[in-house]
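The next block holds one structure in the form of structure tokens; read it before the comments.
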Amino acid sequence: IEDVAVRIPLTAGWNMIGNPFPFAVNWFDAQVQVGAETISLNEAISRDLIKNALWTYSNGEYRLAFQLMPWEGYWVKATQDLTVLIPNVAARSAQIDPYRIRRATEDGWTLQLVASAGNFRDASNYLGVATQAREEYDPGHDVLEAPPTGMADWVQLTFPHRSGWGHNSGDYAVDIRSRVAKERVWEFEVSTSLADRDVTLTWPRRSTAQGLHRH
């Protein structure tokens, strides 16, 4: 039957998945089945059943993805065994990275950080604030760093939250805070496997982050 969704079972932890169709599918059009209950992907994320990230690797770097493309692989992390239902519906247009296009508004702002070393880079890193975000771990805004690549060489930027977030403690690629606090400090770490090689840090579109200062 043409309109039947494809079921992809996930186990607790990192899972590699692919697109079962020969056309692009919007990731957030997927649904999640837990037991006898079927819910939207957004609800599953808000309930911390599945993490708020879909990662793909190409050209020496991990990238956040928001569409499943044909013939590409993706990492996604589940917190328990569940099933993802991929709809048999083609994406009508390219799904743009919401962190990259967010501008300074009443709702908040984001700033992208890019680390580069040699031919390698890590560009899917964002800090910022949002009205609905929380200071502690927020499943709808904070994005866990991708799993290790297993490649010989790499460069990586992370926001470390290795304590204080309970079972969600770890390294993060996206760290969004509440707008309520007047002053915030983000700590990040940059590492690379390349010996004797400088790492360059850039922040495109800094004008979107009003009132931000380096220390």
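Chain labels A, B, ... are given in the sequence in which chains occur in the structure tokens; within each chain residues are numbered consecutively from 1, and ligands are likewise numbered from 1 in the order shown.
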Q: Enumerate the residues of range 30-199 of chain A with a DSSP assignment of strand (DSSP E), computed from the backbone, and present them as an NGL selection string.
A: :A and (31-34 or 37-40 or 55-58 or 61-64 or 67-68 or 73-78 or 82-86 or 108-112 or 114-117 or 120-122 or 126-130 or 143-144 or 155-161 or 170-178 or 189-192)
Filtered DSSP result for range 4-192 of chain A, state alpha helix (DSSP H), as a PDB file with N, CA and C atoms, in the first residue's frame:
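states-v3.pdb, freshly written:
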```pdb
ATOM      1  N   LEU A  41       6.690  12.914  16.613  1.00  0.00           N
ATOM      2  CA  LEU A  41       8.104  12.962  16.977  1.00  0.00           C
ATOM      3  C   LEU A  41       8.360  14.082  17.982  1.00  0.00           C
ATOM      4  N   ASN A  42       7.716  15.228  17.792  1.00  0.00           N
ATOM      5  CA  ASN A  42       7.907  16.346  18.719  1.00  0.00           C
ATOM      6  C   ASN A  42       7.480  15.976  20.137  1.00  0.00           C
ATOM      7  N   GLU A  43       6.372  15.240  20.267  1.00  0.00           N
ATOM      8  CA  GLU A  43       5.937  14.827  21.600  1.00  0.00           C
ATOM      9  C   GLU A  43       6.913  13.817  22.199  1.00  0.00           C
ATOM     10  N   ALA A  44       7.416  12.915  21.356  1.00  0.00           N
ATOM     11  CA  ALA A  44       8.390  11.943  21.844  1.00  0.00           C
ATOM     12  C   ALA A  44       9.652  12.645  22.340  1.00  0.00           C
ATOM     13  N   ILE A  45      10.066  13.713  21.659  1.00  0.00           N
ATOM     14  CA  ILE A  45      11.231  14.488  22.091  1.00  0.00           C
ATOM     15  C   ILE A  45      10.935  15.183  23.415  1.00  0.00           C
ATOM     16  N   SER A  46       9.761  15.809  23.540  1.00  0.00           N
ATOM     17  CA  SER A  46       9.416  16.526  24.766  1.00  0.00           C
ATOM     18  C   SER A  46       9.329  15.582  25.962  1.00  0.00           C
ATOM     19  N   PRO A  98      16.923  25.176  11.612  1.00  0.00           N
ATOM     20  CA  PRO A  98      16.271  26.262  12.361  1.00  0.00           C
ATOM     21  C   PRO A  98      17.220  27.044  13.247  1.00  0.00           C
ATOM     22  N   TYR A  99      18.327  26.424  13.696  1.00  0.00           N
ATOM     23  CA  TYR A  99      19.288  27.145  14.521  1.00  0.00           C
ATOM     24  C   TYR A  99      20.046  28.165  13.681  1.00  0.00           C
ATOM     25  N   ARG A 100      20.383  27.779  12.460  1.00  0.00           N
ATOM     26  CA  ARG A 100      21.192  28.650  11.603  1.00  0.00           C
ATOM     27  C   ARG A 100      20.427  29.883  11.153  1.00  0.00           C
ATOM     28  N   ILE A 101      19.114  29.757  10.929  1.00  0.00           N
ATOM     29  CA  ILE A 101      18.355  30.881  10.385  1.00  0.00           C
ATOM     30  C   ILE A 101      17.707  31.742  11.456  1.00  0.00           C
TER      31      ILE A 101
END
```
Q.
Env of Gln33 in chain A: 9 Å cut, atoms = only C-alpha atoms, seq-sep filter 5 positions within chain, self excluded. Answer as a list in words.
A. Thr38, Ile39, Ser40, Ala44, Leu82, Thr83, Val84 and Leu85 of chain A
Q | Counting only C-alpha atoms, the residue of A:Leu10, A:Leu157, A:Ile17, A:Ala53 that sits nearest Trp71 in chain A | A |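 Smallest distance to Trp71 in chain A is found for A:Ile17.
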Q: Would you mind telling me which residue in A:Tyr74, A:Trp165, A:Trp203, A:Phe66 lies nearest to Leu127 in chain A when using only C-alpha atoms?
A: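 Result for the nearest residue to Leu127 in chain A: A:Trp203.
Checking A:Asp3, A:Asp198, A:Asp81, A:Glu145 one by one against Ala117 in chain A, counting only C-alpha atoms, you find the shortest gap at A:Asp198.
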(Q) One number please: CA of Phe159 in chain A to CA of Gln67 in chain A, in Å, one decimal. (A)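 CA of Phe159 in chain A sits 24.5 Å away from CA of Gln67 in chain A.
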Can I get the residues of range 89-172 of chain A within 10 Å of range 191-194 of chain A, each with the closest pair of atoms and their distance in Å to one decimal, using only C-alpha atoms, sorted chain first then ascending number, as CSV?
```
residue,atom,partner,partner_atom,distance
A:Ala115,CA,A:Ser191,CA,9.1
A:Ser116,CA,A:Thr192,CA,9.2
A:Ala117,CA,A:Thr192,CA,7.6
A:Gly118,CA,A:Leu194,CA,8.1
A:Phe120,CA,A:Thr192,CA,9.2
A:Arg121,CA,A:Thr192,CA,9.6
A:Met151,CA,A:Ser193,CA,9.8
A:Ala152,CA,A:Ser193,CA,7.6
A:Asp153,CA,A:Ser193,CA,5.3
A:Trp154,CA,A:Thr192,CA,5.6
A:Val155,CA,A:Thr192,CA,4.2
A:Gln156,CA,A:Ser191,CA,5.4
A:Leu157,CA,A:Ser191,CA,6.6
A:Thr158,CA,A:Ser191,CA,8.7
```
Please produce a file of the residues just selected, as a tab-separated table (two decimals), in the first residue's frame, where the atoms kept are all heavy atoms.
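So the final result, stored in again.tsv, reads:
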```
chain	number	residue	atom	x	y	z
A	115	ALA	N	34.46	25.34	14.44
A	115	ALA	CA	35.86	25.00	14.71
A	115	ALA	C	36.43	24.32	13.48
A	115	ALA	O	35.82	23.39	12.93
A	115	ALA	CB	35.97	24.09	15.92
A	116	SER	N	37.62	24.76	13.03
A	116	SER	CA	38.25	24.20	11.83
A	116	SER	C	39.71	23.89	12.11
A	116	SER	O	40.40	24.64	12.80
A	116	SER	CB	38.17	25.19	10.66
A	116	SER	OG	36.83	25.56	10.40
A	117	ALA	N	40.18	22.76	11.54
A	117	ALA	CA	41.59	22.38	11.64
A	117	ALA	C	41.94	21.57	10.40
A	117	ALA	O	41.34	20.52	10.16
A	117	ALA	CB	41.85	21.56	12.90
A	118	GLY	N	42.87	22.07	9.61
A	118	GLY	CA	43.21	21.38	8.37
A	118	GLY	C	42.00	21.29	7.45
A	118	GLY	O	41.31	22.30	7.22
A	120	PHE	N	39.35	19.55	8.20
A	120	PHE	CA	38.24	19.11	9.03
A	120	PHE	C	37.60	20.29	9.74
A	120	PHE	O	38.27	21.28	10.05
A	120	PHE	CB	38.72	18.08	10.07
A	120	PHE	CG	39.29	16.84	9.44
A	120	PHE	CD1	40.65	16.77	9.12
A	120	PHE	CD2	38.49	15.76	9.15
A	120	PHE	CE1	41.18	15.64	8.54
A	120	PHE	CE2	39.01	14.62	8.57
A	120	PHE	CZ	40.36	14.56	8.26
A	121	ARG	N	36.31	20.18	9.99
A	121	ARG	CA	35.63	21.24	10.73
A	121	ARG	C	34.42	20.68	11.44
A	121	ARG	O	33.90	19.60	11.12
A	121	ARG	CB	35.23	22.40	9.81
A	121	ARG	CG	34.07	22.14	8.89
A	121	ARG	CD	33.69	23.42	8.17
A	121	ARG	NE	32.32	23.35	7.66
A	121	ARG	CZ	31.54	24.39	7.47
A	121	ARG	NH1	31.99	25.61	7.74
A	121	ARG	NH2	30.31	24.25	7.01
A	151	MET	N	36.75	7.85	12.89
A	151	MET	CA	37.71	8.22	11.85
A	151	MET	C	39.07	8.53	12.48
A	151	MET	O	39.19	8.85	13.66
A	151	MET	CB	37.21	9.44	11.07
A	151	MET	CG	35.87	9.22	10.40
A	151	MET	SD	35.97	7.94	9.14
A	151	MET	CE	34.26	7.94	8.54
A	152	ALA	N	40.12	8.50	11.66
A	152	ALA	CA	41.48	8.72	12.16
A	152	ALA	C	41.67	10.17	12.62
A	152	ALA	O	42.34	10.41	13.62
A	152	ALA	CB	42.50	8.37	11.08
A	153	ASP	N	41.10	11.13	11.89
A	153	ASP	CA	41.29	12.54	12.22
A	153	ASP	C	39.96	13.25	12.36
A	153	ASP	O	38.98	12.91	11.68
A	153	ASP	CB	42.13	13.22	11.14
A	153	ASP	CG	43.57	12.72	11.15
A	153	ASP	OD1	44.15	12.61	12.25
A	153	ASP	OD2	44.10	12.43	10.07
A	154	TRP	N	39.94	14.26	13.22
A	154	TRP	CA	38.71	14.97	13.50
A	154	TRP	C	39.02	16.26	14.25
A	154	TRP	O	40.10	16.45	14.80
A	154	TRP	CB	37.76	14.12	14.34
A	154	TRP	CG	38.44	13.45	15.51
A	154	TRP	CD1	38.99	12.19	15.53
A	154	TRP	CD2	38.70	14.01	16.81
A	154	TRP	NE1	39.57	11.94	16.75
A	154	TRP	CE2	39.39	13.02	17.55
A	154	TRP	CE3	38.41	15.23	17.41
A	154	TRP	CZ2	39.80	13.25	18.87
A	154	TRP	CZ3	38.81	15.46	18.72
A	154	TRP	CH2	39.48	14.46	19.43
A	155	VAL	N	38.03	17.16	14.28
A	155	VAL	CA	38.03	18.33	15.15
A	155	VAL	C	36.63	18.42	15.73
A	155	VAL	O	35.64	18.10	15.05
A	155	VAL	CB	38.42	19.62	14.38
A	155	VAL	CG1	37.42	19.92	13.28
A	155	VAL	CG2	38.53	20.80	15.34
A	156	GLN	N	36.54	18.84	16.98
A	156	GLN	CA	35.24	18.84	17.65
A	156	GLN	C	35.12	20.00	18.63
A	156	GLN	O	36.07	20.31	19.35
A	156	GLN	CB	35.02	17.52	18.39
A	156	GLN	CG	33.64	17.37	19.02
A	156	GLN	CD	33.50	16.04	19.73
A	156	GLN	OE1	34.23	15.72	20.65
A	156	GLN	NE2	32.54	15.23	19.29
A	157	LEU	N	33.95	20.63	18.65
A	157	LEU	CA	33.61	21.65	19.64
A	157	LEU	C	32.40	21.14	20.41
A	157	LEU	O	31.43	20.68	19.80
A	157	LEU	CB	33.31	22.98	18.97
A	157	LEU	CG	33.06	24.19	19.88
A	157	LEU	CD1	33.48	25.49	19.18
A	157	LEU	CD2	31.60	24.31	20.32
A	158	THR	N	32.46	21.22	21.73
A	158	THR	CA	31.34	20.75	22.55
A	158	THR	C	31.08	21.71	23.70
A	158	THR	O	31.97	22.43	24.16
A	158	THR	CB	31.62	19.36	23.15
A	158	THR	OG1	32.76	19.44	24.02
A	158	THR	CG2	31.87	18.33	22.06
```
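Among the candidates A:Ala173, A:Val34, A:Leu64, A:Ala5, the one nearest to Arg47 in chain A when counting only C-alpha atoms is A:Val34.
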**Q.** Nearest-residue call for Leu113 in chain A, choices A:Gly150, A:Pro20, A:Ala30, A:Trp186, using only C-alpha atoms
**A.** A:Trp186
**Q.** d(CA of Leu68 in chain A, CA of Val25 in chain A) in Å
**A.**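 CA of Leu68 in chain A sits 5.2 Å away from CA of Val25 in chain A.
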Q: Write out as JSON, numbers by chain the residues lying within 7 Å of His161 in chain A, counting only C-alpha atoms and excluding same-chain residues fewer than 3 positions away.
A: {"A": [165, 169, 170, 171]}
Dump all heavy atoms for the selected residues as a JSON list (two decimals), in the first residue's frame?
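selection.json, written as the output of this step:
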```
[["chain", "number", "residue", "atom", "x", "y", "z"],
["A", 165, "TRP", "N", 23.23, 17.20, 35.22],
["A", 165, "TRP", "CA", 22.06, 16.94, 34.37],
["A", 165, "TRP", "C", 21.59, 15.49, 34.48],
["A", 165, "TRP", "O", 20.89, 15.00, 33.61],
["A", 165, "TRP", "CB", 22.37, 17.31, 32.91],
["A", 165, "TRP", "CG", 22.29, 18.78, 32.64],
["A", 165, "TRP", "CD1", 22.18, 19.77, 33.56],
["A", 165, "TRP", "CD2", 22.31, 19.43, 31.35],
["A", 165, "TRP", "NE1", 22.13, 21.01, 32.94],
["A", 165, "TRP", "CE2", 22.21, 20.82, 31.59],
["A", 165, "TRP", "CE3", 22.42, 18.96, 30.05],
["A", 165, "TRP", "CZ2", 22.20, 21.75, 30.56],
["A", 165, "TRP", "CZ3", 22.42, 19.89, 29.02],
["A", 165, "TRP", "CH2", 22.30, 21.27, 29.27],
["A", 169, "SER", "N", 23.50, 13.99, 31.43],
["A", 169, "SER", "CA", 24.82, 14.60, 31.45],
["A", 169, "SER", "C", 25.65, 14.10, 30.28],
["A", 169, "SER", "O", 25.54, 12.94, 29.87],
["A", 169, "SER", "CB", 25.53, 14.28, 32.77],
["A", 169, "SER", "OG", 24.84, 14.83, 33.87],
["A", 170, "GLY", "N", 26.47, 15.00, 29.72],
["A", 170, "GLY", "CA", 27.30, 14.64, 28.59],
["A", 170, "GLY", "C", 27.77, 15.87, 27.85],
["A", 170, "GLY", "O", 27.69, 17.00, 28.35],
["A", 171, "ASP", "N", 28.25, 15.68, 26.63],
["A", 171, "ASP", "CA", 28.71, 16.77, 25.78],
["A", 171, "ASP", "C", 27.62, 17.14, 24.79],
["A", 171, "ASP", "O", 27.00, 16.26, 24.17],
["A", 171, "ASP", "CB", 29.97, 16.36, 25.02],
["A", 171, "ASP", "CG", 31.17, 16.22, 25.94],
["A", 171, "ASP", "OD1", 31.22, 16.94, 26.96],
["A", 171, "ASP", "OD2", 32.05, 15.39, 25.65]]
```
(Q) For His167 in chain A, find every residue with an atom within 12 Å (counting only C-alpha atoms), except residues of its own chain fewer than 6 positions away, and show them as a list in words. (A) Asp48, Thr79, Tyr137 and His161 of chain A
Q: Could you jot down the CA of Val89 in chain A to CA of Gly18 in chain A separation for me, Å, one decimal place?
A: 15.1 Å
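Closest approach to Phe188 in chain A from the set A:Asn125, A:Asn168, A:Asn52, A:Pro148 is made by A:Asn125, with distances taken over only C-alpha atoms.
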Q. Contacts of Ala133 in chain A at 7 Å or less, counting only C-alpha atoms, minus same-chain residues fewer than 2 places along, as a PyMOL selection string?
A. chain A and resi 130-131+135+138+141+176-178
